[in-house]
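Student: Here it is, the structure in full.
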Number of protein chains: 2
Amino acid sequence: MPPKDVIVLRYGHRPYRDQRVTTHCCLVARAFGASKILVEGETDPVLLETVKSVNATWGQGIEVGFCPAWKPVLRGLKMEGYAIVHLTMYGLELEKTMPKIRNARRVCVVIGSQKVERGVYELADWNLAVGSTPHSEIAALAVFLHELFKGRELRTGFAGARLAIQPNACGKQVVRADR
Amino acid sequence: MPPKDVIVLRYGHRPYRDQRVTTHCCLVARAFGASKILVEGETDPVLLETVKSVNATWGQGIEVGFCPAWKPVLRGLKMEGYAIVHLTMYGLELEKTMPKIRNARRVCVVIGSQKVERGVYELADWNLAVGSTPHSEIAALAVFLHELFKGRELRTGFAGARLAIQPNACGKQVVRADR
């Protein structure tokens with residue numbers, strides 16, 4: 001049984017420098033089945049607008065929130081029964097650890113941008129490596145969610161979509177989804 | 001049997017605007033088992049330096065090249081027997097199509113940034129959707145390679161590494177790999 005609810009926490013978002021990368025994180029969280037992403041940092045209206053526009057066109061998939069500090073958020077989620085999974089290249093191997101994580105019904109995935117504080121490692125129930133070599137928090141999030149949901153997330157539709165894509169061998173086939 | 005060789009073509013890189021995202025693409029290509037990434041656009045010394053530094057520390061995993069135009073490159077690779085896979089949300093479903101792609105021994109994966117020209121769709125042997133909803137070329141590349149290699153890519157080491165990570169439950173354990 002897949003977890004009922006997945007929340008992503010984007011650690012250390014810097015409004016200007018990280019805007020594009022965090023937008024990718026939000027859209028990946030949406031596309032791969034998370035219900036919410038919390039961005040640590042000041043409210044970023046451009047980021048919000050982009051995600052809102054994707055939700056309006058392609059269906060409601062993700063809620064975006066901002067929070068001033070990660071610690072009370074993670075502590076609160078832990079109290080509510082979320083398993084905290086921190087994605088880091090220093091963590092345990094994905095393949096060996098994922099079967100245990102799949103038992104959790106509520107998961108909070110933490111992804112970093114800048115250097116992540118020691119406290120995140122300590123609060124996490126799992127420090128998990130999607131590969132023990134540097135790459136991208138966007139990629140790590142996608143592969144983690146894809147493994148967590150065993151690929152089923154890619155077959156899930158989005159409620160309230162205005163448009164939908166019909167898979168096509170060579171071209172773009174977009175249909176109205178709201179009538 | 002996994003493909004022997006995977007080359008990534010990054011379509012439409014714009015040196016300043018795309019530098020950070022293309023760096024993620026390069027590091028994902030390296031971490032998930034591609035041997036080479038070709039970036040369409042002017043040579044970008046900052047990008048090259050970042051990848052060179054990762055290769056020097058964590059092991060040789062990827063070669064980066066730049067090319068002025070995608071068309072002759074794709075045509076050349078096709079002549080050499082590469083199956084061209086273009087990742088686009090408008091393409092065929094990953095789950096259904098991947099078993100056929102896995103038969104190819106040489107694969108060139110095309111990932112876009114800005115709007116991709118019609119000609120790419122036409123030259124591709126497969127237009128493939130890692131989810132039929134907008135997200136991120138970085139995420140699409142990672143999940144594609146992870147599926148192509150069936151997760152084995154994450155267990156592969158890198159030759160000539162100076163440092164290596166020992167997977168750890170709560171902290172950072174880095175060891176010398178060159179002695």
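Residue numbering restarts at 1 in every chain; chains get A, B, ... in the order shown in the structure tokens, and ligands count up from 1 in that same order.
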Take chain B, superimpose it onto chain A by least squares using every C-alpha atom paired in sequence order, and output the result as a compact mmCIF listing (two decimals) with N, CA and C atoms, in the first residue's frame.
Tutor:
```
# COMPACT_ATOMS: atom_id res chain seq x y z
N MET B 1 0.92 -1.15 0.04
CA MET B 1 0.05 0.04 0.04
C MET B 1 0.93 1.29 0.04
N PRO B 2 0.72 2.21 -0.90
CA PRO B 2 1.55 3.41 -0.93
C PRO B 2 1.19 4.35 0.22
N PRO B 3 2.08 5.24 0.58
CA PRO B 3 1.75 6.19 1.64
C PRO B 3 0.55 7.02 1.22
N LYS B 4 -0.27 7.39 2.18
CA LYS B 4 -1.45 8.20 1.87
C LYS B 4 -1.06 9.62 1.49
N ASP B 5 -0.03 10.11 2.14
CA ASP B 5 0.23 11.52 1.99
C ASP B 5 1.73 11.81 1.98
N VAL B 6 2.17 12.58 0.99
CA VAL B 6 3.58 12.97 0.92
C VAL B 6 3.69 14.49 0.84
N ILE B 7 4.45 15.04 1.77
CA ILE B 7 4.76 16.47 1.79
C ILE B 7 6.25 16.64 1.53
N VAL B 8 6.59 17.63 0.70
CA VAL B 8 8.00 17.91 0.44
C VAL B 8 8.39 19.18 1.20
N LEU B 9 9.54 19.16 1.84
CA LEU B 9 10.07 20.39 2.45
C LEU B 9 11.33 20.79 1.68
N ARG B 10 11.27 21.96 1.08
CA ARG B 10 12.43 22.49 0.35
C ARG B 10 13.23 23.35 1.32
N TYR B 11 14.38 22.85 1.70
CA TYR B 11 15.24 23.52 2.69
C TYR B 11 16.02 24.65 2.03
N GLY B 12 16.08 25.79 2.72
CA GLY B 12 17.00 26.86 2.33
C GLY B 12 16.81 27.47 0.96
N HIS B 13 15.58 27.82 0.62
CA HIS B 13 15.33 28.49 -0.67
C HIS B 13 15.73 29.97 -0.59
N ARG B 14 16.52 30.40 -1.56
CA ARG B 14 16.88 31.82 -1.64
C ARG B 14 16.13 32.43 -2.82
N PRO B 15 15.21 33.39 -2.55
CA PRO B 15 14.25 33.87 -3.55
C PRO B 15 14.79 34.12 -4.95
N TYR B 16 15.91 34.81 -5.12
CA TYR B 16 16.34 35.09 -6.48
C TYR B 16 17.16 33.95 -7.06
N ARG B 17 18.20 33.57 -6.34
CA ARG B 17 19.15 32.58 -6.87
C ARG B 17 18.49 31.22 -7.15
N ASP B 18 17.54 30.84 -6.29
CA ASP B 18 17.00 29.48 -6.39
C ASP B 18 15.65 29.38 -7.09
N GLN B 19 15.14 30.49 -7.58
CA GLN B 19 13.76 30.50 -8.09
C GLN B 19 13.51 29.42 -9.14
N ARG B 20 14.41 29.32 -10.09
CA ARG B 20 14.16 28.37 -11.19
C ARG B 20 14.27 26.92 -10.70
N VAL B 21 15.28 26.65 -9.90
CA VAL B 21 15.46 25.29 -9.40
C VAL B 21 14.30 24.90 -8.47
N THR B 22 13.88 25.82 -7.61
CA THR B 22 12.76 25.50 -6.71
C THR B 22 11.45 25.32 -7.50
N THR B 23 11.30 26.07 -8.59
CA THR B 23 10.13 25.85 -9.45
C THR B 23 10.13 24.41 -10.00
N HIS B 24 11.30 23.97 -10.46
CA HIS B 24 11.41 22.57 -10.90
C HIS B 24 11.01 21.62 -9.77
N CYS B 25 11.48 21.91 -8.55
CA CYS B 25 11.15 21.04 -7.40
C CYS B 25 9.63 20.99 -7.19
N CYS B 26 8.98 22.14 -7.26
CA CYS B 26 7.52 22.19 -7.07
C CYS B 26 6.80 21.37 -8.14
N LEU B 27 7.22 21.54 -9.39
CA LEU B 27 6.53 20.84 -10.48
C LEU B 27 6.80 19.33 -10.44
N VAL B 28 8.00 18.96 -9.99
CA VAL B 28 8.31 17.54 -9.83
C VAL B 28 7.48 16.96 -8.68
N ALA B 29 7.39 17.68 -7.58
CA ALA B 29 6.57 17.23 -6.45
C ALA B 29 5.14 16.98 -6.94
N ARG B 30 4.61 17.92 -7.72
CA ARG B 30 3.25 17.79 -8.28
C ARG B 30 3.14 16.59 -9.22
N ALA B 31 4.07 16.50 -10.17
CA ALA B 31 3.97 15.45 -11.21
C ALA B 31 4.16 14.05 -10.63
N PHE B 32 4.92 13.94 -9.54
CA PHE B 32 5.25 12.62 -9.00
C PHE B 32 4.47 12.32 -7.72
N GLY B 33 3.35 13.01 -7.51
CA GLY B 33 2.38 12.53 -6.52
C GLY B 33 2.44 13.08 -5.11
N ALA B 34 3.27 14.11 -4.84
CA ALA B 34 3.21 14.75 -3.52
C ALA B 34 1.99 15.66 -3.47
N SER B 35 1.45 15.90 -2.28
CA SER B 35 0.26 16.74 -2.18
C SER B 35 0.60 18.17 -1.84
N LYS B 36 1.79 18.37 -1.27
CA LYS B 36 2.12 19.71 -0.78
C LYS B 36 3.63 19.91 -0.80
N ILE B 37 4.07 21.14 -1.06
CA ILE B 37 5.48 21.46 -0.90
C ILE B 37 5.60 22.70 -0.03
N LEU B 38 6.43 22.60 0.99
CA LEU B 38 6.71 23.74 1.86
C LEU B 38 8.09 24.26 1.53
N VAL B 39 8.17 25.53 1.22
CA VAL B 39 9.44 26.13 0.84
C VAL B 39 9.94 26.96 2.01
N GLU B 40 11.13 26.65 2.50
CA GLU B 40 11.70 27.42 3.60
C GLU B 40 12.27 28.71 3.04
N GLY B 41 11.69 29.81 3.43
CA GLY B 41 12.15 31.10 2.92
C GLY B 41 10.98 32.06 2.81
N GLU B 42 11.30 33.27 2.33
CA GLU B 42 10.24 34.28 2.15
C GLU B 42 9.28 33.87 1.05
N THR B 43 8.05 34.32 1.16
CA THR B 43 7.06 34.07 0.12
C THR B 43 7.57 34.62 -1.22
N ASP B 44 7.49 33.81 -2.24
CA ASP B 44 8.02 34.17 -3.54
C ASP B 44 6.85 34.20 -4.53
N PRO B 45 6.34 35.40 -4.85
CA PRO B 45 5.13 35.48 -5.66
C PRO B 45 5.28 34.90 -7.07
N VAL B 46 6.48 35.00 -7.65
CA VAL B 46 6.69 34.48 -9.01
C VAL B 46 6.56 32.95 -9.01
N LEU B 47 7.18 32.34 -8.01
CA LEU B 47 7.10 30.89 -7.87
C LEU B 47 5.65 30.44 -7.71
N LEU B 48 4.94 31.12 -6.80
CA LEU B 48 3.54 30.80 -6.54
C LEU B 48 2.71 30.89 -7.82
N GLU B 49 2.95 31.95 -8.58
CA GLU B 49 2.17 32.20 -9.80
C GLU B 49 2.40 31.08 -10.82
N THR B 50 3.66 30.65 -10.96
CA THR B 50 3.98 29.58 -11.92
C THR B 50 3.23 28.30 -11.57
N VAL B 51 3.28 27.92 -10.30
CA VAL B 51 2.65 26.66 -9.89
C VAL B 51 1.12 26.79 -10.01
N LYS B 52 0.59 27.95 -9.63
CA LYS B 52 -0.84 28.19 -9.73
C LYS B 52 -1.31 28.03 -11.18
N SER B 53 -0.53 28.56 -12.09
CA SER B 53 -0.88 28.50 -13.50
C SER B 53 -0.84 27.04 -14.02
N VAL B 54 0.16 26.27 -13.58
CA VAL B 54 0.22 24.85 -13.99
C VAL B 54 -0.98 24.09 -13.41
N ASN B 55 -1.28 24.33 -12.13
CA ASN B 55 -2.44 23.68 -11.51
C ASN B 55 -3.74 24.04 -12.25
N ALA B 56 -3.87 25.31 -12.66
CA ALA B 56 -5.10 25.77 -13.32
C ALA B 56 -5.27 25.09 -14.68
N THR B 57 -4.17 24.93 -15.39
CA THR B 57 -4.25 24.35 -16.75
C THR B 57 -4.30 22.83 -16.73
N TRP B 58 -3.39 22.24 -15.96
CA TRP B 58 -3.19 20.79 -16.04
C TRP B 58 -3.81 20.03 -14.86
N GLY B 59 -4.46 20.74 -13.97
CA GLY B 59 -5.14 20.09 -12.84
C GLY B 59 -4.46 20.32 -11.51
N GLN B 60 -5.27 20.30 -10.48
CA GLN B 60 -4.78 20.59 -9.13
C GLN B 60 -3.93 19.44 -8.64
N GLY B 61 -2.66 19.69 -8.47
CA GLY B 61 -1.80 18.60 -8.03
C GLY B 61 -0.97 18.95 -6.83
N ILE B 62 -0.75 20.21 -6.57
CA ILE B 62 0.16 20.53 -5.47
C ILE B 62 -0.24 21.85 -4.83
N GLU B 63 -0.07 21.87 -3.52
CA GLU B 63 -0.26 23.10 -2.76
C GLU B 63 1.13 23.59 -2.37
N VAL B 64 1.37 24.89 -2.52
CA VAL B 64 2.68 25.44 -2.16
C VAL B 64 2.54 26.34 -0.95
N GLY B 65 3.39 26.16 0.04
CA GLY B 65 3.41 27.05 1.19
C GLY B 65 4.83 27.50 1.47
N PHE B 66 4.96 28.57 2.21
CA PHE B 66 6.29 29.06 2.61
C PHE B 66 6.38 29.03 4.13
N CYS B 67 7.56 28.78 4.66
CA CYS B 67 7.74 28.79 6.11
C CYS B 67 9.06 29.45 6.45
N PRO B 68 9.12 30.19 7.56
CA PRO B 68 10.35 30.92 7.87
C PRO B 68 11.50 30.01 8.33
N ALA B 69 11.19 28.84 8.91
CA ALA B 69 12.26 27.98 9.44
C ALA B 69 11.85 26.53 9.38
N TRP B 70 12.80 25.67 9.05
CA TRP B 70 12.50 24.26 8.86
C TRP B 70 12.22 23.50 10.16
N LYS B 71 12.87 23.94 11.27
CA LYS B 71 12.85 23.11 12.47
C LYS B 71 11.45 22.90 13.06
N PRO B 72 10.71 24.00 13.33
CA PRO B 72 9.35 23.78 13.87
C PRO B 72 8.45 22.99 12.92
N VAL B 73 8.64 23.17 11.64
CA VAL B 73 7.83 22.44 10.64
C VAL B 73 8.11 20.94 10.73
N LEU B 74 9.39 20.58 10.70
CA LEU B 74 9.74 19.15 10.76
C LEU B 74 9.30 18.51 12.07
N ARG B 75 9.51 19.27 13.16
CA ARG B 75 9.08 18.74 14.47
C ARG B 75 7.58 18.52 14.50
N GLY B 76 6.83 19.51 13.96
CA GLY B 76 5.37 19.40 13.92
C GLY B 76 4.91 18.20 13.10
N LEU B 77 5.53 18.01 11.93
CA LEU B 77 5.13 16.90 11.06
C LEU B 77 5.47 15.57 11.71
N LYS B 78 6.58 15.54 12.42
CA LYS B 78 6.99 14.31 13.11
C LYS B 78 5.96 13.96 14.20
N MET B 79 5.51 14.99 14.92
CA MET B 79 4.47 14.80 15.95
C MET B 79 3.18 14.28 15.33
N GLU B 80 2.90 14.71 14.12
CA GLU B 80 1.68 14.26 13.41
C GLU B 80 1.84 12.87 12.80
N GLY B 81 3.01 12.29 12.95
CA GLY B 81 3.19 10.91 12.47
C GLY B 81 3.85 10.78 11.11
N TYR B 82 4.38 11.88 10.59
CA TYR B 82 5.09 11.78 9.31
C TYR B 82 6.48 11.17 9.51
N ALA B 83 6.85 10.24 8.66
CA ALA B 83 8.22 9.75 8.62
C ALA B 83 9.04 10.79 7.85
N ILE B 84 10.11 11.25 8.46
CA ILE B 84 10.93 12.29 7.82
C ILE B 84 12.06 11.62 7.04
N VAL B 85 12.07 11.86 5.73
CA VAL B 85 13.11 11.29 4.86
C VAL B 85 13.93 12.44 4.28
N HIS B 86 15.17 12.51 4.64
CA HIS B 86 16.06 13.57 4.14
C HIS B 86 16.93 13.00 3.02
N LEU B 87 16.78 13.58 1.84
CA LEU B 87 17.57 13.09 0.70
C LEU B 87 18.96 13.75 0.70
N THR B 88 19.98 12.93 0.84
CA THR B 88 21.36 13.41 0.86
C THR B 88 22.28 12.35 0.28
N MET B 89 23.28 12.76 -0.45
CA MET B 89 24.19 11.77 -1.05
C MET B 89 24.99 11.02 0.01
N TYR B 90 24.96 11.50 1.25
CA TYR B 90 25.70 10.83 2.33
C TYR B 90 24.87 9.74 3.02
N GLY B 91 23.59 9.63 2.64
CA GLY B 91 22.67 8.74 3.37
C GLY B 91 22.75 7.28 2.96
N LEU B 92 21.80 6.53 3.46
CA LEU B 92 21.72 5.09 3.20
C LEU B 92 21.27 4.83 1.75
N GLU B 93 21.60 3.65 1.27
CA GLU B 93 21.29 3.32 -0.12
C GLU B 93 19.78 3.20 -0.38
N LEU B 94 19.34 3.79 -1.46
CA LEU B 94 17.93 3.80 -1.85
C LEU B 94 17.34 2.39 -1.90
N GLU B 95 18.01 1.54 -2.65
CA GLU B 95 17.49 0.21 -2.94
C GLU B 95 17.23 -0.60 -1.67
N LYS B 96 18.18 -0.52 -0.73
CA LYS B 96 18.05 -1.30 0.50
C LYS B 96 17.04 -0.70 1.47
N THR B 97 16.90 0.61 1.45
CA THR B 97 16.13 1.31 2.48
C THR B 97 14.67 1.54 2.08
N MET B 98 14.42 1.67 0.80
CA MET B 98 13.07 2.00 0.33
C MET B 98 11.98 1.04 0.81
N PRO B 99 12.24 -0.27 0.83
CA PRO B 99 11.16 -1.17 1.30
C PRO B 99 10.66 -0.81 2.70
N LYS B 100 11.55 -0.33 3.56
CA LYS B 100 11.13 0.08 4.91
C LYS B 100 10.35 1.38 4.87
N ILE B 101 10.79 2.32 4.05
CA ILE B 101 10.11 3.62 3.97
C ILE B 101 8.70 3.45 3.41
N ARG B 102 8.53 2.49 2.51
CA ARG B 102 7.21 2.28 1.89
C ARG B 102 6.14 1.93 2.91
N ASN B 103 6.53 1.43 4.07
CA ASN B 103 5.54 1.11 5.11
C ASN B 103 4.91 2.35 5.76
N ALA B 104 5.57 3.48 5.65
CA ALA B 104 5.04 4.71 6.26
C ALA B 104 3.82 5.20 5.49
N ARG B 105 2.80 5.65 6.21
CA ARG B 105 1.60 6.14 5.52
C ARG B 105 1.66 7.63 5.28
N ARG B 106 2.52 8.31 6.03
CA ARG B 106 2.72 9.74 5.83
C ARG B 106 4.22 9.99 5.76
N VAL B 107 4.64 10.65 4.69
CA VAL B 107 6.07 10.87 4.49
C VAL B 107 6.32 12.36 4.25
N CYS B 108 7.32 12.88 4.94
CA CYS B 108 7.81 14.22 4.60
C CYS B 108 9.22 14.07 4.04
N VAL B 109 9.41 14.48 2.79
CA VAL B 109 10.72 14.39 2.12
C VAL B 109 11.40 15.74 2.22
N VAL B 110 12.61 15.76 2.74
CA VAL B 110 13.36 17.01 2.83
C VAL B 110 14.42 17.05 1.74
N ILE B 111 14.42 18.13 0.95
CA ILE B 111 15.47 18.30 -0.07
C ILE B 111 16.18 19.62 0.19
N GLY B 112 17.49 19.60 0.07
CA GLY B 112 18.29 20.78 0.37
C GLY B 112 18.61 21.58 -0.87
N SER B 113 19.18 22.72 -0.67
CA SER B 113 19.75 23.45 -1.80
C SER B 113 21.16 23.81 -1.36
N GLN B 114 21.29 24.78 -0.46
CA GLN B 114 22.61 25.05 0.10
C GLN B 114 22.93 23.97 1.13
N LYS B 115 24.07 24.11 1.78
CA LYS B 115 24.55 23.16 2.78
C LYS B 115 23.49 22.94 3.87
N VAL B 116 23.20 21.70 4.15
CA VAL B 116 22.13 21.38 5.09
C VAL B 116 22.69 21.23 6.52
N GLU B 117 22.00 21.84 7.47
CA GLU B 117 22.46 21.80 8.86
C GLU B 117 22.41 20.38 9.43
N ARG B 118 23.29 20.14 10.36
CA ARG B 118 23.39 18.87 11.08
C ARG B 118 22.04 18.44 11.69
N GLY B 119 21.29 19.41 12.20
CA GLY B 119 20.01 19.12 12.84
C GLY B 119 19.02 18.40 11.95
N VAL B 120 19.09 18.64 10.64
CA VAL B 120 18.18 17.96 9.71
C VAL B 120 18.50 16.46 9.69
N TYR B 121 19.79 16.15 9.65
CA TYR B 121 20.22 14.74 9.68
C TYR B 121 19.71 14.05 10.94
N GLU B 122 19.74 14.81 12.06
CA GLU B 122 19.38 14.22 13.36
C GLU B 122 17.87 14.05 13.52
N LEU B 123 17.11 15.00 12.98
CA LEU B 123 15.65 14.90 13.09
C LEU B 123 15.07 13.87 12.12
N ALA B 124 15.77 13.62 11.03
CA ALA B 124 15.25 12.70 10.01
C ALA B 124 15.16 11.27 10.53
N ASP B 125 14.10 10.58 10.15
CA ASP B 125 14.01 9.15 10.44
C ASP B 125 14.91 8.37 9.49
N TRP B 126 15.03 8.89 8.27
CA TRP B 126 15.90 8.26 7.28
C TRP B 126 16.70 9.34 6.57
N ASN B 127 18.01 9.17 6.54
CA ASN B 127 18.84 9.94 5.62
C ASN B 127 19.11 9.01 4.45
N LEU B 128 18.66 9.42 3.29
CA LEU B 128 18.60 8.50 2.16
C LEU B 128 19.36 9.04 0.94
N ALA B 129 20.18 8.19 0.36
CA ALA B 129 20.96 8.60 -0.81
C ALA B 129 20.37 8.04 -2.10
N VAL B 130 19.96 8.91 -2.98
CA VAL B 130 19.60 8.50 -4.35
C VAL B 130 20.90 8.61 -5.15
N GLY B 131 21.75 7.62 -4.94
CA GLY B 131 23.11 7.68 -5.49
C GLY B 131 24.06 8.41 -4.54
N SER B 132 25.24 7.81 -4.32
CA SER B 132 26.21 8.41 -3.38
C SER B 132 27.23 9.26 -4.11
N THR B 133 26.73 10.16 -4.92
CA THR B 133 27.59 11.05 -5.71
C THR B 133 26.78 12.32 -5.97
N PRO B 134 27.44 13.46 -6.13
CA PRO B 134 26.66 14.70 -6.27
C PRO B 134 25.84 14.74 -7.55
N HIS B 135 24.59 15.16 -7.48
CA HIS B 135 23.85 15.50 -8.70
C HIS B 135 22.86 16.62 -8.46
N SER B 136 21.59 16.32 -8.22
CA SER B 136 20.57 17.36 -8.24
C SER B 136 19.44 16.99 -7.29
N GLU B 137 19.01 17.95 -6.48
CA GLU B 137 17.87 17.68 -5.58
C GLU B 137 16.58 17.45 -6.37
N ILE B 138 16.51 18.03 -7.56
CA ILE B 138 15.33 17.84 -8.42
C ILE B 138 15.25 16.37 -8.86
N ALA B 139 16.40 15.86 -9.31
CA ALA B 139 16.47 14.47 -9.76
C ALA B 139 16.25 13.51 -8.60
N ALA B 140 16.85 13.82 -7.46
CA ALA B 140 16.72 12.94 -6.29
C ALA B 140 15.25 12.85 -5.86
N LEU B 141 14.56 13.99 -5.86
CA LEU B 141 13.15 14.01 -5.48
C LEU B 141 12.32 13.16 -6.44
N ALA B 142 12.57 13.32 -7.73
CA ALA B 142 11.80 12.59 -8.74
C ALA B 142 11.99 11.08 -8.59
N VAL B 143 13.24 10.66 -8.49
CA VAL B 143 13.52 9.21 -8.41
C VAL B 143 12.99 8.65 -7.09
N PHE B 144 13.12 9.42 -6.01
CA PHE B 144 12.59 8.96 -4.72
C PHE B 144 11.07 8.73 -4.82
N LEU B 145 10.34 9.72 -5.32
CA LEU B 145 8.88 9.59 -5.40
C LEU B 145 8.48 8.47 -6.37
N HIS B 146 9.22 8.37 -7.47
CA HIS B 146 8.95 7.33 -8.47
C HIS B 146 9.12 5.94 -7.85
N GLU B 147 10.13 5.78 -7.02
CA GLU B 147 10.35 4.50 -6.32
C GLU B 147 9.32 4.30 -5.22
N LEU B 148 9.02 5.36 -4.49
CA LEU B 148 8.06 5.26 -3.39
C LEU B 148 6.70 4.77 -3.89
N PHE B 149 6.25 5.35 -5.00
CA PHE B 149 4.94 5.01 -5.55
C PHE B 149 5.02 3.89 -6.61
N LYS B 150 6.22 3.37 -6.81
CA LYS B 150 6.46 2.28 -7.77
C LYS B 150 5.97 2.59 -9.18
N GLY B 151 6.07 3.82 -9.58
CA GLY B 151 5.70 4.21 -10.93
C GLY B 151 4.22 4.48 -11.15
N ARG B 152 3.41 4.15 -10.14
CA ARG B 152 1.96 4.37 -10.28
C ARG B 152 1.60 5.86 -10.37
N GLU B 153 2.48 6.70 -9.79
CA GLU B 153 2.20 8.15 -9.77
C GLU B 153 2.08 8.72 -11.18
N LEU B 154 2.77 8.10 -12.15
CA LEU B 154 2.75 8.65 -13.51
C LEU B 154 1.43 8.35 -14.23
N ARG B 155 0.66 7.42 -13.67
CA ARG B 155 -0.63 7.09 -14.29
C ARG B 155 -1.80 7.84 -13.65
N THR B 156 -1.50 8.61 -12.60
CA THR B 156 -2.57 9.30 -11.87
C THR B 156 -2.94 10.61 -12.56
N GLY B 157 -4.23 10.84 -12.76
CA GLY B 157 -4.68 12.08 -13.36
C GLY B 157 -4.77 13.20 -12.33
N PHE B 158 -5.06 14.41 -12.79
CA PHE B 158 -5.17 15.57 -11.91
C PHE B 158 -6.59 16.14 -11.99
N ALA B 159 -7.19 16.33 -10.81
CA ALA B 159 -8.57 16.82 -10.76
C ALA B 159 -8.66 18.26 -11.25
N GLY B 160 -9.74 18.55 -11.96
CA GLY B 160 -10.01 19.93 -12.37
C GLY B 160 -9.13 20.44 -13.49
N ALA B 161 -8.52 19.54 -14.27
CA ALA B 161 -7.66 19.98 -15.38
C ALA B 161 -8.49 20.64 -16.47
N ARG B 162 -7.92 21.66 -17.09
CA ARG B 162 -8.56 22.30 -18.24
C ARG B 162 -8.09 21.59 -19.51
N LEU B 163 -6.82 21.19 -19.51
CA LEU B 163 -6.25 20.48 -20.66
C LEU B 163 -5.64 19.16 -20.21
N ALA B 164 -5.57 18.22 -21.14
CA ALA B 164 -4.89 16.96 -20.87
C ALA B 164 -4.16 16.52 -22.13
N ILE B 165 -3.07 15.76 -21.94
CA ILE B 165 -2.26 15.30 -23.07
C ILE B 165 -2.63 13.86 -23.42
N GLN B 166 -2.80 13.61 -24.69
CA GLN B 166 -2.95 12.24 -25.19
C GLN B 166 -1.58 11.79 -25.67
N PRO B 167 -1.01 10.76 -25.05
CA PRO B 167 0.32 10.31 -25.46
C PRO B 167 0.40 10.08 -26.96
N ASN B 168 1.48 10.55 -27.57
CA ASN B 168 1.57 10.56 -29.03
C ASN B 168 2.98 10.18 -29.48
N ALA B 169 3.06 9.41 -30.58
CA ALA B 169 4.36 8.93 -31.04
C ALA B 169 5.21 10.04 -31.66
N CYS B 170 4.55 11.03 -32.30
CA CYS B 170 5.33 12.08 -32.96
C CYS B 170 4.54 13.37 -33.08
N GLY B 171 4.40 14.08 -32.00
CA GLY B 171 3.69 15.34 -32.09
C GLY B 171 3.00 15.66 -30.78
N LYS B 172 2.15 16.67 -30.81
CA LYS B 172 1.50 17.14 -29.59
C LYS B 172 -0.01 17.00 -29.75
N GLN B 173 -0.60 16.19 -28.88
CA GLN B 173 -2.04 16.03 -28.93
C GLN B 173 -2.63 16.44 -27.58
N VAL B 174 -3.22 17.63 -27.57
CA VAL B 174 -3.76 18.17 -26.33
C VAL B 174 -5.28 18.25 -26.47
N VAL B 175 -5.99 17.77 -25.46
CA VAL B 175 -7.45 17.79 -25.53
C VAL B 175 -8.02 18.59 -24.35
N ARG B 176 -9.24 19.09 -24.55
CA ARG B 176 -9.95 19.74 -23.45
C ARG B 176 -10.33 18.67 -22.45
N ALA B 177 -10.11 18.96 -21.17
CA ALA B 177 -10.41 17.97 -20.14
C ALA B 177 -11.60 18.40 -19.29
N ASP B 178 -12.12 19.60 -19.57
CA ASP B 178 -13.16 20.16 -18.70
C ASP B 178 -14.56 20.09 -19.29
N ARG B 179 -14.73 19.27 -20.30
CA ARG B 179 -16.09 19.11 -20.81
C ARG B 179 -16.29 17.72 -21.38
```
Student: May I have all residues of segment 9-132 of chain B that DSSP, computed from the backbone, assigns to helix (DSSP H, G or I), given as a ChimeraX atom specification?
Tutor: /B:19-31,45-58,70-79,94-101,118-123
Student: Could you pull out all residues of segment 21-133 of chain B with a DSSP call of strand (DSSP E) and give them as JSON, numbers by chain?
Tutor: {"B": [36, 37, 38, 39, 40, 63, 64, 65, 66, 67, 83, 84, 85, 86, 87, 88, 89, 90, 91, 92, 93, 106, 107, 108, 109, 110, 111, 126, 127, 128, 129]}
